[in-house]
file query-v2.pdb (PDB, C-alpha atoms)
ATOM      1  CA  MET A  15      11.010 -53.262 -15.622  1.00  0.00           C
ATOM      2  CA  ARG A  16       8.783 -55.567 -17.609  1.00  0.00           C
ATOM      3  CA  PHE A  17       7.933 -55.323 -21.299  1.00  0.00           C
ATOM      4  CA  HIS A  18       4.774 -56.865 -22.716  1.00  0.00           C
ATOM      5  CA  LEU A  19       5.068 -56.660 -26.506  1.00  0.00           C
ATOM      6  CA  ARG A  20       2.056 -57.165 -28.728  1.00  0.00           C
ATOM      7  CA  MET A  21       2.567 -59.142 -31.914  1.00  0.00           C
ATOM      8  CA  LEU A  22       1.792 -57.366 -35.163  1.00  0.00           C
ATOM      9  CA  SER A  23      -0.740 -58.566 -37.658  1.00  0.00           C
ATOM     10  CA  PRO A  24       0.812 -59.738 -40.965  1.00  0.00           C
ATOM     11  CA  LEU A  25      -0.252 -56.519 -42.721  1.00  0.00           C
ATOM     12  CA  ALA A  26       1.021 -54.302 -39.920  1.00  0.00           C
ATOM     13  CA  GLY A  27       4.225 -56.301 -39.848  1.00  0.00           C
ATOM     14  CA  LEU A  28       4.715 -55.573 -43.552  1.00  0.00           C
ATOM     15  CA  LEU A  29       4.089 -51.866 -43.055  1.00  0.00           C
ATOM     16  CA  LEU A  30       6.266 -51.622 -39.954  1.00  0.00           C
ATOM     17  CA  GLY A  31       9.051 -53.876 -41.109  1.00  0.00           C
ATOM     18  CA  GLY A  32      11.603 -51.042 -41.151  1.00  0.00           C
ATOM     19  CA  LEU A  33      10.929 -49.874 -37.604  1.00  0.00           C
ATOM     20  CA  VAL A  34      13.253 -50.375 -34.679  1.00  0.00           C
ATOM     21  CA  GLY A  35      11.864 -52.032 -31.537  1.00  0.00           C
ATOM     22  CA  PHE A  36      13.032 -51.783 -27.945  1.00  0.00           C
ATOM     23  CA  ALA A  37      15.809 -54.299 -28.496  1.00  0.00           C
ATOM     24  CA  PRO A  38      17.192 -56.061 -31.584  1.00  0.00           C
ATOM     25  CA  ALA A  39      15.247 -59.231 -30.782  1.00  0.00           C
ATOM     26  CA  ASP A  40      12.038 -57.242 -30.561  1.00  0.00           C
ATOM     27  CA  ALA A  41      12.352 -55.465 -33.903  1.00  0.00           C
ATOM     28  CA  ALA A  42      10.130 -57.928 -35.764  1.00  0.00           C
ATOM     29  CA  GLU A  43       7.476 -57.823 -33.056  1.00  0.00           C
ATOM     30  CA  GLY A  44       6.632 -54.153 -32.888  1.00  0.00           C
ATOM     31  CA  THR A  45       7.599 -50.790 -31.530  1.00  0.00           C
ATOM     32  CA  CYS A  46       5.201 -50.356 -28.605  1.00  0.00           C
ATOM     33  CA  ALA A  47       5.434 -51.886 -25.152  1.00  0.00           C
ATOM     34  CA  ASP A  48       3.707 -51.619 -21.821  1.00  0.00           C
ATOM     35  CA  ILE A  49       6.273 -50.567 -19.241  1.00  0.00           C
ATOM     36  CA  GLN A  50       5.514 -51.126 -15.568  1.00  0.00           C
ATOM     37  CA  ASP A  51       7.517 -49.699 -12.713  1.00  0.00           C
ATOM     38  CA  GLU A  52       6.869 -48.933  -9.072  1.00  0.00           C
ATOM     39  CA  ALA A  53       5.232 -45.612  -9.887  1.00  0.00           C
ATOM     40  CA  GLY A  54       2.897 -46.531 -12.742  1.00  0.00           C
ATOM     41  CA  LEU A  55       2.109 -48.266 -15.986  1.00  0.00           C
ATOM     42  CA  TYR A  56       2.797 -46.753 -19.383  1.00  0.00           C
ATOM     43  CA  THR A  57       2.455 -47.463 -23.087  1.00  0.00           C
ATOM     44  CA  ALA A  58       5.738 -46.448 -24.723  1.00  0.00           C
ATOM     45  CA  CYS A  59       6.468 -46.423 -28.450  1.00  0.00           C
ATOM     46  CA  ARG A  60       9.841 -45.822 -30.065  1.00  0.00           C
ATOM     47  CA  PHE A  61      10.414 -44.714 -33.660  1.00  0.00           C
ATOM     48  CA  ASP A  62      13.502 -44.033 -35.700  1.00  0.00           C
ATOM     49  CA  PRO A  63      12.997 -40.961 -37.906  1.00  0.00           C
ATOM     50  CA  LYS A  64      15.402 -42.493 -40.404  1.00  0.00           C
ATOM     51  CA  GLU A  65      12.812 -45.216 -41.044  1.00  0.00           C
ATOM     52  CA  VAL A  66       9.460 -43.408 -40.739  1.00  0.00           C
ATOM     53  CA  ASP A  67       8.067 -39.903 -41.196  1.00  0.00           C
ATOM     54  CA  ILE A  68       7.281 -37.994 -38.021  1.00  0.00           C
ATOM     55  CA  ARG A  69       5.165 -34.917 -38.560  1.00  0.00           C
ATOM     56  CA  LEU A  70       2.857 -32.466 -36.807  1.00  0.00           C
ATOM     57  CA  HIS A  71      -0.644 -31.610 -38.006  1.00  0.00           C
ATOM     58  CA  LEU A  72      -3.405 -29.181 -37.183  1.00  0.00           C
ATOM     59  CA  ALA A  73      -5.641 -28.724 -40.249  1.00  0.00           C
ATOM     60  CA  ASP A  74      -6.262 -30.282 -43.654  1.00  0.00           C
ATOM     61  CA  PRO A  75      -5.439 -28.541 -46.974  1.00  0.00           C
ATOM     62  CA  ASP A  76      -8.804 -26.729 -46.809  1.00  0.00           C
ATOM     63  CA  GLY A  77      -8.011 -25.310 -43.388  1.00  0.00           C
ATOM     64  CA  GLN A  78     -10.375 -27.583 -41.456  1.00  0.00           C
ATOM     65  CA  ILE A  79      -8.882 -28.589 -38.120  1.00  0.00           C
ATOM     66  CA  PHE A  80      -8.535 -32.368 -37.935  1.00  0.00           C
ATOM     67  CA  GLY A  81      -9.708 -32.542 -34.323  1.00  0.00           C
ATOM     68  CA  GLY A  82      -9.093 -36.301 -34.149  1.00  0.00           C
ATOM     69  CA  PHE A  83      -7.171 -39.230 -35.538  1.00  0.00           C
ATOM     70  CA  ASP A  84      -9.719 -40.499 -38.076  1.00  0.00           C
ATOM     71  CA  PRO A  85      -9.769 -37.345 -40.260  1.00  0.00           C
ATOM     72  CA  LEU A  86      -5.965 -37.297 -40.176  1.00  0.00           C
ATOM     73  CA  ARG A  87      -5.789 -40.972 -41.111  1.00  0.00           C
ATOM     74  CA  ARG A  88      -8.098 -40.358 -44.099  1.00  0.00           C
ATOM     75  CA  GLN A  89      -6.047 -37.358 -45.245  1.00  0.00           C
ATOM     76  CA  LEU A  90      -2.798 -39.313 -45.071  1.00  0.00           C
ATOM     77  CA  TRP A  91      -4.392 -42.211 -46.945  1.00  0.00           C
ATOM     78  CA  ALA A  92      -5.397 -39.791 -49.694  1.00  0.00           C
ATOM     79  CA  GLU A  93      -1.714 -38.826 -49.835  1.00  0.00           C
ATOM     80  CA  ARG A  94      -0.830 -42.528 -50.227  1.00  0.00           C
ATOM     81  CA  ARG A  95       0.475 -42.766 -46.678  1.00  0.00           C
ATOM     82  CA  VAL A  96      -0.517 -45.089 -43.843  1.00  0.00           C
ATOM     83  CA  LEU A  97      -0.843 -43.785 -40.291  1.00  0.00           C
ATOM     84  CA  LEU A  98       1.048 -46.007 -37.862  1.00  0.00           C
ATOM     85  CA  PHE A  99       0.845 -43.968 -34.671  1.00  0.00           C
ATOM     86  CA  ALA A 100      -0.483 -40.610 -33.492  1.00  0.00           C
ATOM     87  CA  MET A 101      -0.992 -38.705 -30.263  1.00  0.00           C
ATOM     88  CA  ASN A 102      -2.202 -35.302 -29.159  1.00  0.00           C
ATOM     89  CA  ALA A 103       0.746 -32.926 -29.344  1.00  0.00           C
ATOM     90  CA  GLY A 104       0.406 -29.849 -27.194  1.00  0.00           C
ATOM     91  CA  MET A 105      -2.085 -27.630 -25.456  1.00  0.00           C
ATOM     92  CA  TYR A 106      -4.708 -25.669 -27.328  1.00  0.00           C
ATOM     93  CA  HIS A 107      -7.459 -23.076 -26.939  1.00  0.00           C
ATOM     94  CA  ASP A 108     -11.210 -23.668 -27.142  1.00  0.00           C
ATOM     95  CA  ASP A 109     -11.072 -23.220 -30.913  1.00  0.00           C
ATOM     96  CA  ARG A 110      -8.344 -25.931 -30.937  1.00  0.00           C
ATOM     97  CA  SER A 111      -5.652 -23.490 -32.071  1.00  0.00           C
ATOM     98  CA  PRO A 112      -2.244 -24.101 -30.436  1.00  0.00           C
ATOM     99  CA  VAL A 113      -1.337 -22.237 -27.260  1.00  0.00           C
ATOM    100  CA  GLY A 114       2.317 -21.922 -28.279  1.00  0.00           C
ATOM    101  CA  LEU A 115       4.596 -22.320 -31.270  1.00  0.00           C
ATOM    102  CA  PHE A 116       3.295 -24.470 -34.080  1.00  0.00           C
ATOM    103  CA  VAL A 117       5.059 -25.148 -37.367  1.00  0.00           C
ATOM    104  CA  ASP A 118       3.931 -27.479 -40.136  1.00  0.00           C
ATOM    105  CA  TYR A 119       5.739 -27.960 -43.426  1.00  0.00           C
ATOM    106  CA  GLY A 120       8.013 -25.051 -42.499  1.00  0.00           C
ATOM    107  CA  ARG A 121       5.147 -22.601 -42.011  1.00  0.00           C
ATOM    108  CA  VAL A 122       4.827 -20.899 -38.614  1.00  0.00           C
ATOM    109  CA  THR A 123       1.118 -20.763 -37.807  1.00  0.00           C
ATOM    110  CA  LYS A 124       1.611 -19.692 -34.172  1.00  0.00           C
ATOM    111  CA  PRO A 125       4.692 -17.883 -32.822  1.00  0.00           C
ATOM    112  CA  LEU A 126       6.860 -18.960 -29.908  1.00  0.00           C
ATOM    113  CA  ILE A 127       5.695 -17.885 -26.436  1.00  0.00           C
ATOM    114  CA  THR A 128       8.473 -17.064 -23.970  1.00  0.00           C
ATOM    115  CA  GLY A 129       6.575 -15.405 -21.123  1.00  0.00           C
ATOM    116  CA  GLY A 130       4.969 -16.868 -18.035  1.00  0.00           C
ATOM    117  CA  GLY A 131       1.343 -17.419 -17.183  1.00  0.00           C
ATOM    118  CA  TRP A 132      -1.085 -19.864 -15.632  1.00  0.00           C
ATOM    119  CA  GLY A 133      -1.235 -23.621 -16.064  1.00  0.00           C
ATOM    120  CA  ASN A 134       1.123 -26.422 -17.004  1.00  0.00           C
ATOM    121  CA  PHE A 135       2.179 -24.792 -20.274  1.00  0.00           C
ATOM    122  CA  HIS A 136       3.711 -21.945 -18.264  1.00  0.00           C
ATOM    123  CA  LEU A 137       5.361 -24.152 -15.638  1.00  0.00           C
ATOM    124  CA  LEU A 138       8.729 -22.880 -16.812  1.00  0.00           C
ATOM    125  CA  PRO A 139      10.944 -24.014 -18.331  1.00  0.00           C
ATOM    126  CA  ASN A 140       8.736 -25.299 -21.111  1.00  0.00           C
ATOM    127  CA  GLY A 141       9.966 -26.460 -24.497  1.00  0.00           C
ATOM    128  CA  VAL A 142       9.628 -27.418 -28.144  1.00  0.00           C
ATOM    129  CA  PHE A 143       9.544 -30.744 -29.960  1.00  0.00           C
ATOM    130  CA  LEU A 144      10.697 -30.338 -33.551  1.00  0.00           C
ATOM    131  CA  MET A 145      11.644 -32.123 -36.736  1.00  0.00           C
ATOM    132  CA  LYS A 146      14.315 -30.641 -39.000  1.00  0.00           C
ATOM    133  CA  ASP A 147      15.675 -32.407 -42.094  1.00  0.00           C
ATOM    134  CA  GLY A 148      14.472 -35.758 -40.769  1.00  0.00           C
ATOM    135  CA  ARG A 149      16.045 -35.265 -37.342  1.00  0.00           C
ATOM    136  CA  ALA A 150      14.064 -35.000 -34.106  1.00  0.00           C
ATOM    137  CA  GLU A 151      14.921 -32.808 -31.142  1.00  0.00           C
ATOM    138  CA  VAL A 152      13.432 -31.566 -27.874  1.00  0.00           C
ATOM    139  CA  MET A 153      14.710 -28.147 -26.800  1.00  0.00           C
ATOM    140  CA  GLU A 154      13.982 -25.833 -23.882  1.00  0.00           C
ATOM    141  CA  THR A 155      12.119 -22.768 -25.183  1.00  0.00           C
ATOM    142  CA  LEU A 156      14.820 -20.139 -24.637  1.00  0.00           C
ATOM    143  CA  ALA A 157      17.469 -22.448 -26.096  1.00  0.00           C
ATOM    144  CA  TYR A 158      15.243 -22.938 -29.129  1.00  0.00           C
ATOM    145  CA  GLN A 159      14.783 -19.179 -29.475  1.00  0.00           C
ATOM    146  CA  LYS A 160      18.530 -18.594 -29.226  1.00  0.00           C
ATOM    147  CA  SER A 161      19.263 -21.273 -31.832  1.00  0.00           C
ATOM    148  CA  GLY A 162      17.415 -19.414 -34.581  1.00  0.00           C
ATOM    149  CA  MET A 163      16.341 -22.776 -35.952  1.00  0.00           C
ATOM    150  CA  ALA A 164      13.736 -22.930 -38.722  1.00  0.00           C
ATOM    151  CA  PRO A 165      12.154 -26.394 -38.269  1.00  0.00           C
ATOM    152  CA  ASP A 166      10.027 -28.308 -40.713  1.00  0.00           C
ATOM    153  CA  PHE A 167       7.588 -29.233 -37.930  1.00  0.00           C
ATOM    154  CA  ALA A 168       7.383 -28.016 -34.333  1.00  0.00           C
ATOM    155  CA  THR A 169       5.062 -27.801 -31.356  1.00  0.00           C
ATOM    156  CA  GLN A 170       5.573 -25.952 -28.093  1.00  0.00           C
ATOM    157  CA  SER A 171       4.262 -27.328 -24.827  1.00  0.00           C
ATOM    158  CA  GLY A 172       5.156 -27.464 -21.190  1.00  0.00           C
ATOM    159  CA  PRO A 173       6.571 -28.148 -18.850  1.00  0.00           C
ATOM    160  CA  MET A 174       9.813 -29.739 -19.955  1.00  0.00           C
ATOM    161  CA  LEU A 175      10.124 -33.135 -18.284  1.00  0.00           C
ATOM    162  CA  VAL A 176      13.875 -33.604 -18.668  1.00  0.00           C
ATOM    163  CA  ILE A 177      16.338 -30.801 -19.462  1.00  0.00           C
ATOM    164  CA  ASN A 178      19.847 -31.872 -20.461  1.00  0.00           C
ATOM    165  CA  GLY A 179      19.606 -34.919 -18.240  1.00  0.00           C
ATOM    166  CA  GLN A 180      18.045 -33.139 -15.252  1.00  0.00           C
ATOM    167  CA  LEU A 181      14.436 -33.420 -14.092  1.00  0.00           C
ATOM    168  CA  HIS A 182      12.365 -30.235 -14.141  1.00  0.00           C
ATOM    169  CA  PRO A 183      13.300 -28.422 -10.895  1.00  0.00           C
ATOM    170  CA  ARG A 184       9.700 -27.956  -9.762  1.00  0.00           C
ATOM    171  CA  PHE A 185       8.692 -31.617  -9.856  1.00  0.00           C
ATOM    172  CA  LEU A 186       8.068 -33.194  -6.440  1.00  0.00           C
ATOM    173  CA  PRO A 187       8.497 -36.932  -5.790  1.00  0.00           C
ATOM    174  CA  ASP A 188       5.625 -36.845  -3.276  1.00  0.00           C
ATOM    175  CA  SER A 189       3.210 -34.642  -5.253  1.00  0.00           C
ATOM    176  CA  ASP A 190      -0.478 -35.533  -4.949  1.00  0.00           C
ATOM    177  CA  SER A 191      -1.210 -34.356  -8.531  1.00  0.00           C
ATOM    178  CA  LEU A 192      -1.900 -37.606 -10.369  1.00  0.00           C
ATOM    179  CA  LYS A 193      -3.151 -37.543 -13.963  1.00  0.00           C
ATOM    180  CA  ILE A 194      -3.057 -39.499 -17.194  1.00  0.00           C
ATOM    181  CA  ARG A 195      -0.153 -37.863 -19.045  1.00  0.00           C
ATOM    182  CA  ASN A 196       1.548 -38.057 -22.419  1.00  0.00           C
ATOM    183  CA  GLY A 197       4.899 -36.790 -23.623  1.00  0.00           C
ATOM    184  CA  VAL A 198       7.748 -37.119 -26.085  1.00  0.00           C
ATOM    185  CA  GLY A 199      11.509 -37.495 -25.751  1.00  0.00           C
ATOM    186  CA  VAL A 200      14.560 -38.094 -27.943  1.00  0.00           C
ATOM    187  CA  ASP A 201      17.367 -40.454 -26.972  1.00  0.00           C
ATOM    188  CA  ALA A 202      21.084 -40.301 -27.764  1.00  0.00           C
ATOM    189  CA  GLN A 203      20.567 -42.258 -31.006  1.00  0.00           C
ATOM    190  CA  GLY A 204      17.998 -39.739 -32.230  1.00  0.00           C
ATOM    191  CA  ARG A 205      15.059 -42.098 -31.752  1.00  0.00           C
ATOM    192  CA  VAL A 206      11.755 -40.601 -30.675  1.00  0.00           C
ATOM    193  CA  HIS A 207       9.955 -41.986 -27.627  1.00  0.00           C
ATOM    194  CA  MET A 208       6.231 -41.257 -27.376  1.00  0.00           C
ATOM    195  CA  VAL A 209       4.626 -42.268 -24.094  1.00  0.00           C
ATOM    196  CA  ILE A 210       1.160 -42.202 -22.548  1.00  0.00           C
ATOM    197  CA  SER A 211       0.455 -43.352 -19.024  1.00  0.00           C
ATOM    198  CA  LYS A 212      -2.160 -46.042 -18.503  1.00  0.00           C
ATOM    199  CA  VAL A 213      -2.822 -44.874 -14.942  1.00  0.00           C
ATOM    200  CA  PRO A 214      -2.623 -41.424 -13.312  1.00  0.00           C
ATOM    201  CA  VAL A 215       0.998 -40.520 -12.506  1.00  0.00           C
ATOM    202  CA  ARG A 216       3.035 -37.643 -11.079  1.00  0.00           C
ATOM    203  CA  PHE A 217       5.149 -35.345 -13.209  1.00  0.00           C
ATOM    204  CA  TYR A 218       8.206 -36.541 -11.255  1.00  0.00           C
ATOM    205  CA  ASP A 219       7.605 -40.195 -12.041  1.00  0.00           C
ATOM    206  CA  PHE A 220       6.772 -39.494 -15.678  1.00  0.00           C
ATOM    207  CA  ALA A 221       9.972 -37.498 -16.137  1.00  0.00           C
ATOM    208  CA  THR A 222      12.041 -40.169 -14.368  1.00  0.00           C
ATOM    209  CA  LEU A 223      10.718 -42.765 -16.814  1.00  0.00           C
ATOM    210  CA  PHE A 224      11.957 -40.749 -19.786  1.00  0.00           C
ATOM    211  CA  ARG A 225      15.381 -40.126 -18.284  1.00  0.00           C
ATOM    212  CA  ASP A 226      16.189 -43.366 -16.510  1.00  0.00           C
ATOM    213  CA  ARG A 227      14.285 -46.024 -18.470  1.00  0.00           C
ATOM    214  CA  LEU A 228      14.146 -44.579 -21.974  1.00  0.00           C
ATOM    215  CA  GLY A 229      17.485 -42.750 -22.032  1.00  0.00           C
ATOM    216  CA  CYS A 230      16.133 -39.334 -23.040  1.00  0.00           C
ATOM    217  CA  ARG A 231      18.270 -36.372 -21.959  1.00  0.00           C
ATOM    218  CA  ASN A 232      15.483 -34.069 -23.093  1.00  0.00           C
ATOM    219  CA  ALA A 233      11.757 -34.776 -22.942  1.00  0.00           C
ATOM    220  CA  LEU A 234       8.614 -32.671 -23.143  1.00  0.00           C
ATOM    221  CA  TYR A 235       5.193 -32.972 -21.552  1.00  0.00           C
ATOM    222  CA  LEU A 236       2.423 -32.733 -24.133  1.00  0.00           C
ATOM    223  CA  ASP A 237      -0.771 -32.818 -22.068  1.00  0.00           C
ATOM    224  CA  GLY A 238      -2.764 -34.538 -19.363  1.00  0.00           C
ATOM    225  CA  SER A 239      -6.277 -35.876 -18.839  1.00  0.00           C
ATOM    226  CA  ILE A 240      -7.203 -35.526 -22.544  1.00  0.00           C
ATOM    227  CA  SER A 241      -4.148 -37.621 -23.516  1.00  0.00           C
ATOM    228  CA  SER A 242      -5.016 -39.878 -26.467  1.00  0.00           C
ATOM    229  CA  VAL A 243      -3.216 -42.180 -28.895  1.00  0.00           C
ATOM    230  CA  PHE A 244      -3.739 -44.041 -32.144  1.00  0.00           C
ATOM    231  CA  ILE A 245      -1.720 -47.264 -32.466  1.00  0.00           C
ATOM    232  CA  ALA A 246      -2.463 -49.117 -35.690  1.00  0.00           C
ATOM    233  CA  ASP A 247      -1.068 -52.506 -34.734  1.00  0.00           C
ATOM    234  CA  GLN A 248      -3.056 -52.512 -31.477  1.00  0.00           C
ATOM    235  CA  ASN A 249      -6.292 -51.317 -33.113  1.00  0.00           C
ATOM    236  CA  ARG A 250      -6.295 -48.483 -30.597  1.00  0.00           C
ATOM    237  CA  ASP A 251      -8.049 -45.292 -31.650  1.00  0.00           C
ATOM    238  CA  ASP A 252      -8.851 -43.032 -28.678  1.00  0.00           C
ATOM    239  CA  ARG A 253     -11.742 -40.628 -29.196  1.00  0.00           C
ATOM    240  CA  LEU A 254     -11.934 -39.032 -25.764  1.00  0.00           C
ATOM    241  CA  PHE A 255     -11.910 -35.321 -26.655  1.00  0.00           C
ATOM    242  CA  PRO A 256     -11.544 -33.074 -29.714  1.00  0.00           C
ATOM    243  CA  MET A 257      -7.856 -32.331 -30.299  1.00  0.00           C
ATOM    244  CA  GLY A 258      -5.688 -29.490 -31.515  1.00  0.00           C
ATOM    245  CA  PRO A 259      -2.148 -30.324 -32.673  1.00  0.00           C
ATOM    246  CA  ILE A 260      -1.460 -33.982 -33.489  1.00  0.00           C
ATOM    247  CA  LEU A 261       1.891 -35.754 -33.743  1.00  0.00           C
ATOM    248  CA  SER A 262       1.947 -38.521 -36.337  1.00  0.00           C
ATOM    249  CA  VAL A 263       4.132 -41.394 -37.470  1.00  0.00           C
ATOM    250  CA  SER A 264       3.472 -42.568 -41.022  1.00  0.00           C
ATOM    251  CA  MET A 265       5.068 -44.167 -44.055  1.00  0.00           C
ATOM    252  CA  PRO A 266       4.249 -44.508 -47.749  1.00  0.00           C
ATOM    253  CA  ILE A 267       1.810 -47.241 -48.720  1.00  0.00           C
ATOM    254  CA  PRO A 268       3.893 -50.067 -50.249  1.00  0.00           C
ATOM    255  CA  GLN A 269       3.533 -50.196 -54.020  1.00  0.00           C
TER     256      GLN A 269
END
call {"tool": "encode", "arguments": {"input": "query-v2.pdb", "output": "structure tokens"}}
result
Amino acid sequence: MRFHLRMLSPLAGLLLGGLVGFAPADAAEGTCADIQDEAGLYTACRFDPKEVDIRLHLADPDGQIFGGFDPLRRQLWAERRVLLFAMNAGMYHDDRSPVGLFVDYGRVTKPLITGGGWGNFHLLPNGVFLMKDGRAEVMETLAYQKSGMAPDFATQSGPMLVINGQLHPRFLPDSDSLKIRNGVGVDAQGRVHMVISKVPVRFYDFATLFRDRLGCRNALYLDGSISSVFIADQNRDDRLFPMGPILSVSMPIPQ
């Protein structure tokens, strides 16, 4: 495995100074790396929720769906926050409303879906990424339902990539379904790994990356093909398609 870390600009370095990198020696250099293995190439970013705020967003205070990173960045700036990273965070309908569970600031705007259906979302088991009291977790949908948890932020998507250390049972190592994919996982230290592939990859290979390279016992697929990210220190701001739910990493603007 090879890591190619990009150096931060002085301003970004100031804003990101509290973040944890991929290894202690990397902490001052940034939190994102290109990871190459035999199956593909990925951009992987790791964040410690003890150091930054990780939230989910759909619409602004007036109810207008953000639909992209720039409106979200402007809203956060108005709240005296700087957007460090963002990615699309779950599947959505034509009106950009979430397909499954969505919770922001403790308010459930779309209920949990437990039944089957067509498409990747319903490639069961699917799951939920959530934030509760500053702690991140990925849970399989029925386990989440059984827990009775009331998260601060949550998004439901599918399929699960890794479930308690096991790859999703329907993933095939020789599948011919290759797509750009993005997902999220949580490691044993509670750090959140957000990954987007740079080339089309299989579900099997994407899930293996989360489990074997990033140490995530649970990880969730967010979407494919439309997968997009905003990475401040790389000046990356994808504008491929209108978006529904968005996962953000931000912190207060230094005084």
call {"tool": "residues_around", "arguments": {"input": "query-v2.pdb", "residues": "A:Pro266", "least_positions_apart": "3", "cutoff": "8 Å", "atoms": "only C-alpha atoms", "output": "list of chain:residue names"}}
result
A:Arg94, A:Arg95, A:Val96
call {"tool": "axis_aligned_box", "arguments": {"input": "query-v2.pdb", "around": "stretch 79-83 of chain A", "padding_each_side": "8 Å", "output": "JSON"}}
result
{"center_x": -8.4, "center_y": -33.9, "center_z": -36.1, "size_x": 18.5, "size_y": 26.6, "size_z": 20.0}
call {"tool": "closest_residue", "arguments": {"input": "query-v2.pdb", "among": "A:Ala73, A:Ala233, A:Val142, A:Leu86", "to": "A:Ala168", "atoms": "all atoms listed in the file"}}
result
A:Val142
call {"tool": "resolve_selection", "arguments": {"input": "query-v2.pdb", "expression": "the PyMOL selection byres ((chain A and resi 107) around 12)", "output": "list in words"}}
result
Gly104, Met105, Tyr106, Asp108, Asp109, Arg110, Ser111, Pro112, Val113, Gly114, Phe135, Pro256, Met257, Gly258 and Pro259 of chain A
call {"tool": "resolve_selection", "arguments": {"input": "query-v2.pdb", "expression": "the PyMOL selection byres ((chain A and resi 62) around 8)", "output": "VMD selection string"}}
result
chain A and resid 33 to 34 60 to 61 63 to 66 204 to 206
call {"tool": "atom_distance", "arguments": {"input": "query-v2.pdb", "atom1": "atom CA of A:Val176", "atom2": "atom CA of A:Phe224"}}
result
7.5 Å
call {"tool": "resolve_selection", "arguments": {"input": "query-v2.pdb", "expression": "the PyMOL selection byres ((chain A and resi 155-165) around 12)", "output": "PyMOL selection string"}}
result
chain A and resi 69-70+114-122+125-130+135-154+166-174+177-178+232+234
call {"tool": "residues_near_point", "arguments": {"input": "query-v2.pdb", "point": "(7.5, -41.8, -42.5)", "cutoff": "6 Å", "atoms": "only C-alpha atoms", "output": "PyMOL selection string"}}
result
chain A and resi 66-68+264-265
call {"tool": "write_last_selection", "arguments": {"input": "query-v2.pdb", "atoms": "C-alpha atoms", "output": "compact mmCIF listing (two decimals), in the frame of the given file"}}
result
# COMPACT_ATOMS: atom_id res chain seq x y z
CA VAL A 66 9.46 -43.41 -40.74
CA ASP A 67 8.07 -39.90 -41.20
CA ILE A 68 7.28 -37.99 -38.02
CA SER A 264 3.47 -42.57 -41.02
CA MET A 265 5.07 -44.17 -44.06
call {"tool": "closest_residue", "arguments": {"input": "query-v2.pdb", "among": "A:Asp84, A:Asp190, A:Asp219, A:Asp48", "to": "A:Ala246", "atoms": "only C-alpha atoms"}}
result
A:Asp84
call {"tool": "atom_distance", "arguments": {"input": "query-v2.pdb", "atom1": "atom CA of A:Asp237", "atom2": "atom CA of A:Arg195"}}
result
5.9 Å
call {"tool": "closest_residue", "arguments": {"input": "query-v2.pdb", "among": "A:Gln89, A:Thr222, A:Ser191, A:Ser242", "to": "A:Ile210", "atoms": "all atoms listed in the file"}}
result
A:Ser242
